[in-house]
Amino acid sequence: MSDSRKLYRKIADSIAAEIESGRYKPGDRLPTERELALQYGVSRPSLREAMIALEILGLIEAKHGLGITVSSKKQRAPAFTDAEIGAFELIEARRLLEAEVAALAATLISEEQIAELEALVQKMGDADPVAAEKADREFHILIAQSTGNGALTTCVENLWDWRYHSPLARNVLARAADLGMNDRIAEHTDILTALKNRSVAAARQAMHEHMDRVIEHLLRATEMVAVENARKASSERRMAVATRMKALKKGR
């Protein structure tokens, strides 16, 4: 029987098995991301998805100066189910589907729907992140609705909403919440312009580029976990040194 597990699950399960077998012991440093990507023959997003899954499960952690190490914590979170969807694979699916949806919409969208999309782009600049994200969701769903194809609309809705139901996707997307917000309006304006011009090729390309940037934001967000840990450790060291210096000065 073929192995139907998702790619990131195969990688995560393989690394988890090596940890469980004792090949990697608590405190041991794992190979670098580049080395693991070469070892498993996968892309950065797939490997990053696997590492995040292992982090959520409590098997690994990022440590300043050591990279990714095997966690010494005894508690382990429940394993992910086969229904679990990762953020990177979710965006990859949206990239494939929504690019073609946008291409089809370019030939069918009405002037009234164009006006609605313009209003939604403006709402994406709302200071309230919940309102801005709601406008973002409605923008993508309206494009699907403009095709007149209920199946496509349902698929776009489901892919968007999976982000709220999947712990793994929700974890990564929450980390990226503050990244790329300045690009949100510009990217959606490019999509809107292509639809206004009724350009099939431009609409497809604009949606591709938008999703590619989302993936880059996710990669940056997951890299920032280790960066923030390093900054925190550095800050704590500086505070400790400052405290000792004050103590020495008082003792003179």
# chains A, B, ... in the order shown; residues from 1 in each chain; ligands from 1
call {"tool": "residues_around", "arguments": {"residues": "stretch 34-37 of chain A", "least_positions_apart": "4", "cutoff": "12 Å", "atoms": "only C-alpha atoms", "output": "list in words"}}
result
Tyr8, Ile11, Ala12, Ser14, Ile15, Leu30, Gly41, Val42, Ser43, Arg44, Pro45, Ser46, Leu47, Arg48, Glu49, Ala50, Met51 and Ile68 of chain A
call {"tool": "closest_residue", "arguments": {"among": "A:Trp160, A:Met211, A:Glu116, A:Glu111", "to": "A:Arg198", "atoms": "only C-alpha atoms"}}
result
A:Glu111
call {"tool": "closest_residue", "arguments": {"among": "A:Ile19, A:Leu108, A:Leu173, A:Ala115", "to": "A:Asn149", "atoms": "only C-alpha atoms"}}
result
A:Leu108
call {"tool": "atom_distance", "arguments": {"atom1": "atom CA of A:Ile91", "atom2": "atom CA of A:Gly150"}}
result
20.8 Å
call {"tool": "atom_distance", "arguments": {"atom1": "atom CA of A:Phe139", "atom2": "atom CA of A:Thr222"}}
result
26.3 Å
call {"tool": "select_by_dssp", "arguments": {"residues": "stretch 58-166 of chain A", "states": "strand (DSSP E or B)", "output": "ChimeraX atom specification"}}
result
/A:60-63,67-70
call {"tool": "select_by_dssp", "arguments": {"residues": "stretch 106-222 of chain A", "states": "alpha helix (DSSP H)", "output": "number ranges by chain"}}
result
A: 106-108, 111-123, 129-145, 150-165, 167-175, 181-196, 200-222
call {"tool": "atom_distance", "arguments": {"atom1": "atom CA of A:Ala203", "atom2": "atom CA of A:Gln113"}}
result
15.1 Å
call {"tool": "closest_residue", "arguments": {"among": "A:Asp136, A:Ser72, A:Ala87, A:Ile56", "to": "A:Arg170", "atoms": "only C-alpha atoms"}}
result
A:Ala87
call {"tool": "closest_residue", "arguments": {"among": "A:Ile141, A:Ala103, A:Glu112, A:Glu61", "to": "A:Asn197", "atoms": "only C-alpha atoms"}}
result
A:Ala103
